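Structure file start_11.txt with compact mmCIF, C-alpha atoms and all ligand atoms:
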```txt
# COMPACT_ATOMS: atom_id res chain seq x y z
CA MET A 14 0.00 0.00 0.00
CA LEU A 15 0.98 3.64 -0.45
CA ALA A 16 1.75 5.61 2.70
CA MET A 17 3.16 9.10 3.18
CA SER A 18 5.90 9.02 5.79
CA VAL A 19 7.52 11.79 7.85
CA GLY A 20 11.09 12.57 6.79
CA ALA A 21 13.64 14.89 8.40
CA ALA A 22 12.17 17.81 10.37
CA GLY A 23 10.57 20.34 8.05
CA GLN A 24 11.13 18.23 4.92
CA PRO A 25 8.35 16.98 2.64
CA LEU A 26 6.55 13.71 3.36
CA ILE A 27 8.08 10.70 1.59
CA PRO A 28 5.86 8.33 -0.42
CA VAL A 29 6.63 4.75 0.61
CA GLN A 30 5.24 1.33 -0.23
CA ARG A 31 4.53 -0.72 2.88
CA PRO A 32 2.79 -4.04 3.49
CA ARG A 33 -0.83 -3.75 4.52
CA PRO A 34 -0.87 -3.89 8.35
CA GLU A 35 -2.42 -6.81 10.26
CA PRO A 36 -5.00 -6.02 12.94
CA GLY A 37 -3.91 -7.08 16.44
CA PRO A 38 -6.10 -7.69 19.49
CA HIS A 39 -9.05 -5.24 19.65
CA GLU A 40 -7.90 -3.74 16.36
CA VAL A 41 -9.61 -3.28 13.03
CA LEU A 42 -7.95 -3.01 9.63
CA VAL A 43 -9.45 -0.05 7.85
CA GLN A 44 -9.36 0.95 4.21
CA VAL A 45 -8.91 4.71 4.35
CA LEU A 46 -11.63 6.61 2.46
CA ALA A 47 -10.54 10.13 3.46
CA CYS A 48 -8.14 11.69 5.95
CA GLY A 49 -8.04 15.30 7.06
CA VAL A 50 -4.81 17.28 7.39
CA CYS A 51 -4.69 18.95 10.80
CA ARG A 52 -2.36 21.65 12.08
CA THR A 53 -0.96 19.01 14.47
CA ASP A 54 0.25 17.06 11.42
CA LEU A 55 2.26 20.14 10.43
CA HIS A 56 3.79 20.27 13.93
CA ILE A 57 4.75 16.58 13.57
CA ILE A 58 6.17 17.03 10.05
CA ASP A 59 8.13 20.10 11.16
CA GLY A 60 9.51 18.41 14.30
CA GLU A 61 7.84 20.94 16.60
CA LEU A 62 6.38 17.89 18.30
CA PRO A 63 9.41 15.67 18.93
CA PRO A 64 9.33 12.48 16.84
CA ARG A 65 8.36 9.37 18.82
CA GLN A 66 9.10 6.92 16.02
CA PRO A 67 11.04 7.33 12.76
CA GLY A 68 9.07 7.22 9.51
CA MET A 69 5.72 7.93 11.16
CA VAL A 70 2.64 8.10 8.95
CA PRO A 71 0.60 11.11 10.14
CA GLY A 72 -3.14 11.63 9.92
CA HIS A 73 -5.68 11.46 12.73
CA GLU A 74 -8.90 12.52 11.01
CA VAL A 75 -9.43 9.15 9.39
CA VAL A 76 -12.64 7.99 7.78
CA GLY A 77 -12.38 4.37 6.72
CA ARG A 78 -14.20 1.15 6.10
CA VAL A 79 -13.49 -1.90 8.24
CA VAL A 80 -12.07 -4.66 6.04
CA ALA A 81 -10.81 -7.07 8.71
CA THR A 82 -11.00 -7.48 12.46
CA GLY A 83 -8.39 -8.71 14.92
CA PRO A 84 -8.83 -11.05 17.90
CA GLY A 85 -11.49 -9.77 20.30
CA ALA A 86 -12.63 -6.97 17.99
CA SER A 87 -16.40 -7.20 17.63
CA ARG A 88 -17.70 -3.64 17.89
CA TYR A 89 -17.75 -2.96 14.14
CA ALA A 90 -18.62 -5.52 11.48
CA VAL A 91 -16.61 -5.75 8.28
CA GLY A 92 -17.99 -3.12 5.90
CA THR A 93 -18.82 -0.56 8.63
CA ARG A 94 -17.65 3.01 8.08
CA ILE A 95 -15.88 4.39 11.16
CA GLY A 96 -13.83 7.38 12.23
CA ILE A 97 -10.39 7.18 13.85
CA PRO A 98 -9.47 10.20 16.03
CA TRP A 99 -6.26 11.55 17.62
CA LEU A 100 -6.69 9.60 20.86
CA GLY A 101 -5.85 6.11 19.67
CA GLY A 102 -5.39 4.53 23.08
CA SER A 103 -4.99 5.20 26.78
CA CYS A 104 -3.62 3.11 29.66
CA GLY A 105 -6.92 2.73 31.51
CA HIS A 106 -5.38 2.74 34.98
CA CYS A 107 -3.59 6.05 35.60
CA PRO A 108 -5.33 8.64 37.81
CA TYR A 109 -6.50 10.52 34.69
CA CYS A 110 -7.97 7.47 32.97
CA THR A 111 -9.79 6.39 36.13
CA GLY A 112 -10.98 9.96 36.73
CA GLN A 113 -12.83 10.45 33.42
CA ARG A 114 -9.93 12.48 32.02
CA GLU A 115 -8.38 9.98 29.63
CA ASN A 116 -7.42 12.93 27.41
CA LEU A 117 -4.65 13.58 29.97
CA CYS A 118 -3.52 9.92 30.24
CA ASP A 119 0.08 9.45 31.39
CA ALA A 120 0.73 6.87 28.68
CA PRO A 121 -1.46 7.84 25.73
CA VAL A 122 -1.28 6.49 22.20
CA PHE A 123 -1.92 9.11 19.56
CA THR A 124 -2.95 8.28 16.01
CA GLY A 125 -0.43 9.46 13.43
CA TYR A 126 2.14 10.17 16.14
CA ASP A 127 2.61 7.06 18.31
CA ARG A 128 0.99 4.71 15.80
CA PRO A 129 0.60 5.06 12.04
CA GLY A 130 -2.33 7.19 10.94
CA GLY A 131 -4.41 7.84 7.88
CA PHE A 132 -2.00 9.31 5.30
CA ALA A 133 -2.08 5.82 3.78
CA GLU A 134 -4.36 3.49 1.87
CA TYR A 135 -4.87 1.27 4.93
CA THR A 136 -4.35 1.62 8.64
CA VAL A 137 -5.18 -0.26 11.82
CA ALA A 138 -6.84 1.21 14.90
CA ASP A 139 -7.97 0.09 18.34
CA GLU A 140 -11.72 -0.15 17.79
CA ARG A 141 -12.45 0.91 21.38
CA TYR A 142 -11.28 4.44 20.47
CA CYS A 143 -13.11 4.72 17.15
CA PHE A 144 -16.46 6.33 16.46
CA ALA A 145 -19.49 5.48 14.38
CA LEU A 146 -20.14 8.39 12.02
CA PRO A 147 -23.49 10.06 11.29
CA GLU A 148 -24.71 8.92 7.89
CA GLN A 149 -25.54 12.37 6.53
CA TYR A 150 -21.85 13.25 6.23
CA ASP A 151 -20.04 11.81 3.24
CA ASP A 152 -16.48 10.52 3.63
CA VAL A 153 -14.56 13.71 2.86
CA HIS A 154 -16.92 15.94 4.84
CA ALA A 155 -16.77 13.62 7.84
CA ALA A 156 -12.96 13.67 8.00
CA PRO A 157 -12.43 17.19 9.46
CA LEU A 158 -15.03 16.46 12.12
CA LEU A 159 -12.68 13.95 13.72
CA CYS A 160 -10.21 16.47 15.08
CA ALA A 161 -11.03 20.00 14.00
CA GLY A 162 -14.66 19.42 14.91
CA LEU A 163 -14.08 17.34 18.00
CA ILE A 164 -11.27 19.36 19.63
CA GLY A 165 -13.13 22.54 18.73
CA TYR A 166 -16.18 21.12 20.47
CA ARG A 167 -14.21 20.27 23.60
CA ALA A 168 -12.72 23.79 23.64
CA TYR A 169 -16.21 25.23 23.21
CA ARG A 170 -17.61 23.10 26.05
CA LEU A 171 -14.79 24.11 28.39
CA SER A 172 -15.18 27.82 27.63
CA GLY A 173 -18.30 27.75 29.77
CA VAL A 174 -20.38 29.68 27.24
CA HIS A 175 -24.01 28.91 26.76
CA GLY A 176 -26.06 31.06 24.42
CA PRO A 177 -26.71 33.82 23.90
CA MET A 178 -23.20 35.10 24.52
CA ARG A 179 -20.38 36.68 22.59
CA LEU A 180 -17.71 34.19 21.54
CA GLY A 181 -14.39 35.11 19.90
CA LEU A 182 -12.64 32.64 17.57
CA TYR A 183 -8.97 33.34 16.89
CA GLY A 184 -7.74 31.63 13.72
CA PHE A 185 -10.70 30.94 11.48
CA GLY A 186 -9.72 27.63 9.90
CA ALA A 187 -11.02 24.08 10.06
CA ALA A 188 -11.95 24.00 13.76
CA ALA A 189 -13.39 27.51 13.99
CA HIS A 190 -15.60 27.18 10.93
CA ILE A 191 -17.24 24.05 12.36
CA ILE A 192 -17.67 25.29 15.94
CA ALA A 193 -18.96 28.65 14.67
CA GLN A 194 -21.94 26.86 13.10
CA ILE A 195 -22.72 24.95 16.29
CA ALA A 196 -22.35 28.09 18.42
CA ILE A 197 -24.55 30.19 16.12
CA ALA A 198 -27.21 27.46 16.17
CA GLN A 199 -27.10 27.73 19.98
CA GLY A 200 -27.62 31.48 19.92
CA GLN A 201 -24.05 32.71 20.27
CA GLU A 202 -22.75 35.80 18.57
CA ILE A 203 -19.48 34.96 16.80
CA HIS A 204 -16.54 37.31 16.44
CA ALA A 205 -13.88 35.95 14.07
CA PHE A 206 -10.25 37.04 14.26
CA VAL A 207 -7.96 36.37 11.30
CA ARG A 208 -4.46 37.39 10.21
CA ARG A 209 -4.26 41.10 9.47
CA GLY A 210 -4.88 41.59 5.75
CA ASP A 211 -6.67 38.25 5.29
CA ALA A 212 -9.73 39.71 3.57
CA GLN A 213 -10.69 36.28 2.27
CA GLY A 214 -10.66 34.86 5.81
CA GLU A 215 -12.88 37.70 7.01
CA ARG A 216 -15.31 37.09 4.13
CA PHE A 217 -15.39 33.37 4.86
CA ALA A 218 -16.25 34.03 8.52
CA ARG A 219 -19.02 36.48 7.64
CA GLN A 220 -20.49 34.04 5.10
CA LEU A 221 -20.78 31.50 7.90
CA GLY A 222 -22.70 33.96 10.02
CA ALA A 223 -20.04 35.72 12.12
CA ALA A 224 -21.42 39.00 13.50
CA TRP A 225 -17.99 40.59 13.16
CA ALA A 226 -14.71 39.64 11.52
CA GLY A 227 -11.43 41.49 11.75
CA PRO A 228 -7.70 41.27 12.35
CA SER A 229 -6.52 39.41 15.45
CA ASP A 230 -4.77 42.42 16.97
CA ALA A 231 -7.96 44.51 16.79
CA LEU A 232 -10.49 44.92 19.57
CA PRO A 233 -13.98 43.69 18.75
CA PRO A 234 -16.87 46.20 18.90
CA ALA A 235 -17.95 44.76 22.26
CA GLU A 236 -16.20 42.68 24.93
CA LEU A 237 -16.15 38.91 24.48
CA ASP A 238 -17.60 36.51 27.04
CA ALA A 239 -15.09 33.87 25.97
CA ALA A 240 -12.44 33.31 23.32
CA LEU A 241 -11.11 30.15 21.69
CA ILE A 242 -7.62 30.33 20.16
CA PHE A 243 -7.05 27.88 17.32
CA ALA A 244 -4.00 29.50 15.69
CA PRO A 245 -0.58 28.40 17.06
CA VAL A 246 0.48 31.96 17.82
CA GLY A 247 1.38 32.85 21.41
CA ALA A 248 0.84 36.58 20.84
CA LEU A 249 -2.87 35.83 20.48
CA VAL A 250 -3.11 35.02 24.20
CA PRO A 251 -2.69 38.60 25.48
CA ALA A 252 -4.72 39.83 22.48
CA ALA A 253 -7.61 37.54 23.41
CA LEU A 254 -7.39 38.42 27.11
CA ARG A 255 -7.54 42.09 26.17
CA ALA A 256 -10.72 41.48 24.18
CA THR A 257 -12.42 39.41 26.90
CA ARG A 258 -14.57 40.76 29.71
CA LYS A 259 -13.99 40.31 33.44
CA GLY A 260 -14.74 36.76 34.49
CA GLY A 261 -14.39 35.54 30.90
CA VAL A 262 -12.46 32.50 29.70
CA VAL A 263 -9.72 32.22 27.08
CA VAL A 264 -9.10 28.68 25.82
CA CYS A 265 -5.97 27.66 23.89
CA ALA A 266 -7.06 24.73 21.74
CA GLY A 267 -3.85 23.86 19.90
CA ILE A 268 -1.25 21.26 20.85
CA HIS A 269 1.67 23.57 20.11
CA MET A 270 2.01 27.34 20.26
CA SER A 271 4.84 29.81 19.85
CA ASP A 272 5.99 31.44 23.10
CA ILE A 273 3.48 33.70 24.78
CA PRO A 274 4.92 37.21 25.12
CA SER A 275 4.89 38.78 28.58
CA PHE A 276 1.85 40.91 29.25
CA PRO A 277 0.54 43.17 32.02
CA TYR A 278 -1.19 41.35 34.86
CA ALA A 279 -4.14 43.69 34.37
CA LEU A 280 -5.14 41.61 31.33
CA LEU A 281 -5.65 38.52 33.51
CA TRP A 282 -6.96 40.40 36.56
CA GLY A 283 -10.70 40.56 37.00
CA GLU A 284 -11.04 36.79 37.36
CA ARG A 285 -10.33 36.04 33.73
CA THR A 286 -9.41 32.40 33.18
CA LEU A 287 -6.72 31.23 30.77
CA ARG A 288 -6.64 27.51 30.04
CA SER A 289 -5.63 24.96 27.45
CA VAL A 290 -7.57 22.07 26.03
CA ALA A 291 -5.70 18.83 25.44
CA ASN A 292 -6.76 15.97 23.17
CA LEU A 293 -10.19 14.44 23.59
CA THR A 294 -12.08 11.86 25.55
CA ARG A 295 -14.31 9.27 24.00
CA GLU A 296 -17.20 10.94 25.78
CA ASP A 297 -16.40 14.19 23.93
CA GLY A 298 -16.61 12.27 20.68
CA GLU A 299 -19.93 10.61 21.50
CA ALA A 300 -21.41 13.97 22.58
CA PHE A 301 -20.06 15.77 19.51
CA PHE A 302 -21.29 13.25 16.96
CA ASP A 303 -24.66 13.15 18.69
CA CYS A 304 -24.80 16.98 18.55
CA ILE A 305 -23.97 17.24 14.84
CA ALA A 306 -26.29 14.40 13.91
CA ARG A 307 -29.12 16.53 15.36
CA HIS A 308 -27.76 19.94 14.23
CA PRO A 309 -25.93 19.33 10.94
CA VAL A 310 -22.86 21.40 10.13
CA SER A 311 -21.47 21.93 6.66
CA THR A 312 -17.73 21.51 6.45
CA GLN A 313 -15.99 23.54 3.79
CA LEU A 314 -12.92 21.82 2.44
CA GLN A 315 -10.48 21.21 -0.35
CA THR A 316 -9.32 17.74 -1.34
CA TRP A 317 -6.01 16.42 -2.64
CA PRO A 318 -5.06 12.89 -3.75
CA LEU A 319 -3.05 11.06 -1.07
CA ALA A 320 0.04 11.06 -3.30
CA GLN A 321 -0.11 14.88 -3.35
CA ALA A 322 -0.18 15.20 0.45
CA ASN A 323 2.77 17.60 0.35
CA GLU A 324 0.71 20.07 -1.67
CA ALA A 325 -2.08 19.94 0.90
CA VAL A 326 0.45 20.45 3.69
CA ALA A 327 1.96 23.45 1.89
CA ALA A 328 -1.46 25.02 1.30
CA LEU A 329 -2.43 24.61 4.96
CA ARG A 330 0.91 26.00 6.10
CA ALA A 331 0.45 29.06 3.87
CA GLY A 332 -3.10 29.65 5.11
CA ARG A 333 -4.44 29.03 1.59
CA VAL A 334 -7.21 26.63 2.66
CA ASP A 335 -10.72 27.93 3.40
CA GLY A 336 -11.91 25.45 5.98
CA ALA A 337 -10.26 22.04 5.99
CA ALA A 338 -7.74 20.12 3.86
CA VAL A 339 -8.58 16.48 3.14
CA LEU A 340 -6.61 13.69 1.47
CA VAL A 341 -8.34 11.02 -0.59
CA PRO A 342 -6.47 7.77 -1.38
ZN ZN B 1 -4.02 6.58 31.51
ZN ZN B 2 -5.74 17.36 14.95
```
Go through the file and emit its structure as structure tokens.
Ligand SMILES: [Zn+2]
Ligand SMILES: [Zn+2]
Amino acid sequence: MLAMSVGAAGQPLIPVQRPRPEPGPHEVLVQVLACGVCRTDLHIIDGELPPRQPGMVPGHEVVGRVVATGPGASRYAVGTRIGIPWLGGSCGHCPYCTGQRENLCDAPVFTGYDRPGGFAEYTVADERYCFALPEQYDDVHAAPLLCAGLIGYRAYRLSGVHGPMRLGLYGFGAAAHIIAQIAIAQGQEIHAFVRRGDAQGERFARQLGAAWAGPSDALPPAELDAALIFAPVGALVPAALRATRKGGVVVCAGIHMSDIPSFPYALLWGERTLRSVANLTREDGEAFFDCIARHPVSTQLQTWPLAQANEAVAALRAGRVDGAAVLVP
């Protein structure tokens, strides 16, 4: 099978031919139908997340069809379409796993980082961490839901907002454009912050129903109740705190961020909360897919053939993708 493998830090992915993997205990062999390209994949390709294994195959927004099952795997029959997310396994016995916070597991297994992911024609996954996908989403449109949608949803849940409130979204890409639709459906007013000069990004946000869109160093017309930061830019933290009211929450939703510049304590004062969101739990996934089965979201995306993964990566890196980037084998 064809797989796209991580090379030296910052270098293009390398196309390789590998044998089709065999499913082990509790695992399913999946024929990949579509796989999203997430910002985390860029961090892995660029070595900003230290490599855990040489020649890793990235990709953790995997939509695939089960073609074989390993010993003890009985949750999904052969032929079932499933989604494989970033959390590919957890230890089950650390204080986080036993305390309903498996997203913080001390010994996690991440798809496309600790184990090969979906930038390939086939992959294997532990079925206990996979999700059934709502039928109304086709393969390519379901792919970005598996990380951009899901992590965005967890960030949204942990921001403490419940409509109608004013929510800021910093970095209006794959995650923001999905969560904006859910938030608007729940009565929130969305303020979208994009790179200064990104007129196309501002237009995209307004098309999706944002009440205001502007550059990320600008102040919105009214104070935010909460802000979610999806762009990996540390300078957005003081910017978002500045735009957020007393008692409001700023959530950093990315796995990696450039250093946060020092800022006056007054920006945090007034019982503002600054927090990160890490990974996902299976409960997040069940709640998210239940939510979007009832309140459908439309994912905007561009597709590339798997063999052209490097072009998708370059487009995402350059901010040239409206919405999500998806690979199709
Ligand atoms: Zn654990
Ligand atoms: Zn991701």
Exercise. Using all atoms listed in the file, which residue out of A:Arg307, A:Arg128, A:His73, A:Arg88 lies closest to Ile164 of chain A?
Worked result: A:His73
For this session: Write out as a list in words each polymer residue whose atoms come within 9 Å of Ile305 of chain A, counting only C-alpha atoms; drop sequence neighbours fewer than 5 positions from it.
Result: Pro147, Ile195, Ala300 and Val310 of chain A
For this session: Can you tell me which residues come within 12 Å of ligand ZN 2 (chain B) when counting only C-alpha atoms and all ligand atoms, ideally as a ChimeraX atom specification?
Result: /A:48-57,71-75,97-100,123-126,130-131,156-165,187-188,243,266-269,291-293,337-338
Please, could you write that set of residues out with C-alpha atoms as a compact mmCIF listing (two decimals), in the frame of the given file?
```
# COMPACT_ATOMS: atom_id res chain seq x y z
CA CYS A 48 -8.14 11.69 5.95
CA GLY A 49 -8.04 15.30 7.06
CA VAL A 50 -4.81 17.28 7.39
CA CYS A 51 -4.69 18.95 10.80
CA ARG A 52 -2.36 21.65 12.08
CA THR A 53 -0.96 19.01 14.47
CA ASP A 54 0.25 17.06 11.42
CA LEU A 55 2.26 20.14 10.43
CA HIS A 56 3.79 20.27 13.93
CA ILE A 57 4.75 16.58 13.57
CA PRO A 71 0.60 11.11 10.14
CA GLY A 72 -3.14 11.63 9.92
CA HIS A 73 -5.68 11.46 12.73
CA GLU A 74 -8.90 12.52 11.01
CA VAL A 75 -9.43 9.15 9.39
CA ILE A 97 -10.39 7.18 13.85
CA PRO A 98 -9.47 10.20 16.03
CA TRP A 99 -6.26 11.55 17.62
CA LEU A 100 -6.69 9.60 20.86
CA PHE A 123 -1.92 9.11 19.56
CA THR A 124 -2.95 8.28 16.01
CA GLY A 125 -0.43 9.46 13.43
CA TYR A 126 2.14 10.17 16.14
CA GLY A 130 -2.33 7.19 10.94
CA GLY A 131 -4.41 7.84 7.88
CA ALA A 156 -12.96 13.67 8.00
CA PRO A 157 -12.43 17.19 9.46
CA LEU A 158 -15.03 16.46 12.12
CA LEU A 159 -12.68 13.95 13.72
CA CYS A 160 -10.21 16.47 15.08
CA ALA A 161 -11.03 20.00 14.00
CA GLY A 162 -14.66 19.42 14.91
CA LEU A 163 -14.08 17.34 18.00
CA ILE A 164 -11.27 19.36 19.63
CA GLY A 165 -13.13 22.54 18.73
CA ALA A 187 -11.02 24.08 10.06
CA ALA A 188 -11.95 24.00 13.76
CA PHE A 243 -7.05 27.88 17.32
CA ALA A 266 -7.06 24.73 21.74
CA GLY A 267 -3.85 23.86 19.90
CA ILE A 268 -1.25 21.26 20.85
CA HIS A 269 1.67 23.57 20.11
CA ALA A 291 -5.70 18.83 25.44
CA ASN A 292 -6.76 15.97 23.17
CA LEU A 293 -10.19 14.44 23.59
CA ALA A 337 -10.26 22.04 5.99
CA ALA A 338 -7.74 20.12 3.86
```
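Note that atom CA of Ala145 of chain A and atom CA of Ala86 of chain A are 14.7 Å apart.
For the atom pair formed by atom CA of Asn116 of chain A and atom CA of Arg170 of chain A, the distance is 14.5 Å, given to one decimal.
From atom CA of Leu237 of chain A back to atom CA of Val207 of chain A, the distance works out to 15.7 Å.
Residues of protein, DNA or RNA having any atom at most 10 Å from ligand ZN 1 (chain B), counting only C-alpha atoms and all ligand atoms, are Gly102, Ser103, Cys104, Gly105, His106, Cys107, Pro108, Tyr109, Cys110, Thr111, Gly112, Gln113, Arg114, Glu115, Asn116, Leu117, Cys118, Asp119, Ala120, Pro121 and Val122 of chain A.
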Exercise. Of the candidates A:Tyr150, A:Trp282, A:Phe276, A:Phe185, which shows the shortest atom-to-atom distance to Thr312 of chain A, using only C-alpha atoms?
Worked result: A:Tyr150
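Closest approach to Ile197 of chain A from the set A:Arg209, A:Arg258, A:Arg141, A:Arg179 is made by A:Arg179, with distances taken over all atoms listed in the file.
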Problem set entry | Who sits within 6 Å of segment 327-336 of chain A, only C-alpha atoms, same chain under 2 positions skipped, as a PyMOL selection string | chain A and resi 186-187+313-314+324-325
Seminar exercise, completed: From the list A:Asp152, A:Asp297, A:Asp59, A:Glu140, the nearest residue to Ala90 of chain A using all atoms listed in the file is A:Glu140
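Shortest separation to Gly68 of chain A among A:Arg219, A:Arg31, A:Arg295, A:Arg208 occurs at residue A:Arg31, atoms counted being all atoms listed in the file.
Minimum atom-to-atom distance to Ala47 of chain A, evaluated using all atoms listed in the file, belongs to A:Thr136 out of A:Thr257, A:Gln149, A:Thr136, A:Gln24.
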Centre, x/y/z edge lengths, axis-aligned box for segment 50-58 of chain A with 4 Å per side, as AutoDock Vina command-line options:
```
--center_x 0.7 --center_y 19.1 --center_z 10.9 --size_x 19.0 --size_y 13.1 --size_z 15.1
```
For this session: Skip Val41 of chain A itself and residues of its chain fewer than 4 positions away, then list as a PyMOL selection string all residues within 8 Å of it, counting all atoms listed in the file.
Result: chain A and resi 36-37+79-83+86+137-140
Problem set entry | 6 Å contact set for Met17 of chain A, only C-alpha atoms, chain neighbours under 5 positions out, as a PyMOL selection string | chain A and resi 26-28+70+132
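Excluding Arg288 of chain A itself and same-chain residues fewer than 5 positions from it, the residues having an atom within 10 Å of it are Ala168, Leu171, Ser172, Leu241, Val262, Val263, Val264, Cys265 and Ala266 of chain A, counting only C-alpha atoms.
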Complete segment 30-54 of chain A with N, CA and C atoms (output as a CSV table (one decimal), in the coordinates of the input).
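See rebuild-v5.csv below for the written result:
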```csv
chain,number,residue,atom,x,y,z
A,30,GLN,N,6.1,2.5,-0.1
A,30,GLN,CA,5.2,1.3,-0.2
A,30,GLN,C,5.5,0.4,1.0
A,31,ARG,N,4.4,0.1,1.7
A,31,ARG,CA,4.5,-0.7,2.9
A,31,ARG,C,3.5,-1.9,2.8
A,32,PRO,N,3.8,-3.0,3.5
A,32,PRO,CA,2.8,-4.0,3.5
A,32,PRO,C,1.5,-3.6,4.2
A,33,ARG,N,0.4,-4.1,3.8
A,33,ARG,CA,-0.8,-3.8,4.5
A,33,ARG,C,-0.7,-4.3,6.0
A,34,PRO,N,-1.1,-3.4,7.0
A,34,PRO,CA,-0.9,-3.9,8.4
A,34,PRO,C,-1.9,-5.0,8.7
A,35,GLU,N,-1.5,-5.8,9.7
A,35,GLU,CA,-2.4,-6.8,10.3
A,35,GLU,C,-3.1,-6.3,11.5
A,36,PRO,N,-4.4,-6.5,11.7
A,36,PRO,CA,-5.0,-6.0,12.9
A,36,PRO,C,-4.6,-6.9,14.1
A,37,GLY,N,-4.2,-6.3,15.2
A,37,GLY,CA,-3.9,-7.1,16.4
A,37,GLY,C,-5.1,-7.2,17.3
A,38,PRO,N,-5.0,-7.6,18.6
A,38,PRO,CA,-6.1,-7.7,19.5
A,38,PRO,C,-6.9,-6.4,19.6
A,39,HIS,N,-8.2,-6.4,19.5
A,39,HIS,CA,-9.0,-5.2,19.6
A,39,HIS,C,-8.9,-4.3,18.5
A,40,GLU,N,-8.1,-4.7,17.5
A,40,GLU,CA,-7.9,-3.7,16.4
A,40,GLU,C,-8.7,-4.1,15.1
A,41,VAL,N,-9.0,-3.1,14.3
A,41,VAL,CA,-9.6,-3.3,13.0
A,41,VAL,C,-8.7,-2.8,11.9
A,42,LEU,N,-8.7,-3.5,10.8
A,42,LEU,CA,-8.0,-3.0,9.6
A,42,LEU,C,-9.0,-2.2,8.8
A,43,VAL,N,-8.5,-1.0,8.5
A,43,VAL,CA,-9.4,0.0,7.8
A,43,VAL,C,-8.9,0.4,6.5
A,44,GLN,N,-9.7,0.3,5.5
A,44,GLN,CA,-9.4,1.0,4.2
A,44,GLN,C,-9.7,2.4,4.3
A,45,VAL,N,-8.7,3.3,4.2
A,45,VAL,CA,-8.9,4.7,4.4
A,45,VAL,C,-9.7,5.3,3.2
A,46,LEU,N,-10.8,6.0,3.5
A,46,LEU,CA,-11.6,6.6,2.5
A,46,LEU,C,-11.3,8.1,2.3
A,47,ALA,N,-10.9,8.7,3.4
A,47,ALA,CA,-10.5,10.1,3.5
A,47,ALA,C,-9.8,10.4,4.8
A,48,CYS,N,-8.9,11.3,4.7
A,48,CYS,CA,-8.1,11.7,6.0
A,48,CYS,C,-7.9,13.2,5.9
A,49,GLY,N,-8.3,13.9,7.0
A,49,GLY,CA,-8.0,15.3,7.1
A,49,GLY,C,-6.6,15.6,7.4
A,50,VAL,N,-6.1,16.8,7.0
A,50,VAL,CA,-4.8,17.3,7.4
A,50,VAL,C,-5.0,18.3,8.5
A,51,CYS,N,-4.5,18.1,9.6
A,51,CYS,CA,-4.7,19.0,10.8
A,51,CYS,C,-3.4,19.7,11.1
A,52,ARG,N,-3.5,20.9,11.7
A,52,ARG,CA,-2.4,21.6,12.1
A,52,ARG,C,-1.4,20.8,12.9
A,53,THR,N,-1.9,19.9,13.7
A,53,THR,CA,-1.0,19.0,14.5
A,53,THR,C,-0.1,18.2,13.5
A,54,ASP,N,-0.6,17.8,12.4
A,54,ASP,CA,0.2,17.1,11.4
A,54,ASP,C,1.4,17.9,11.0
```
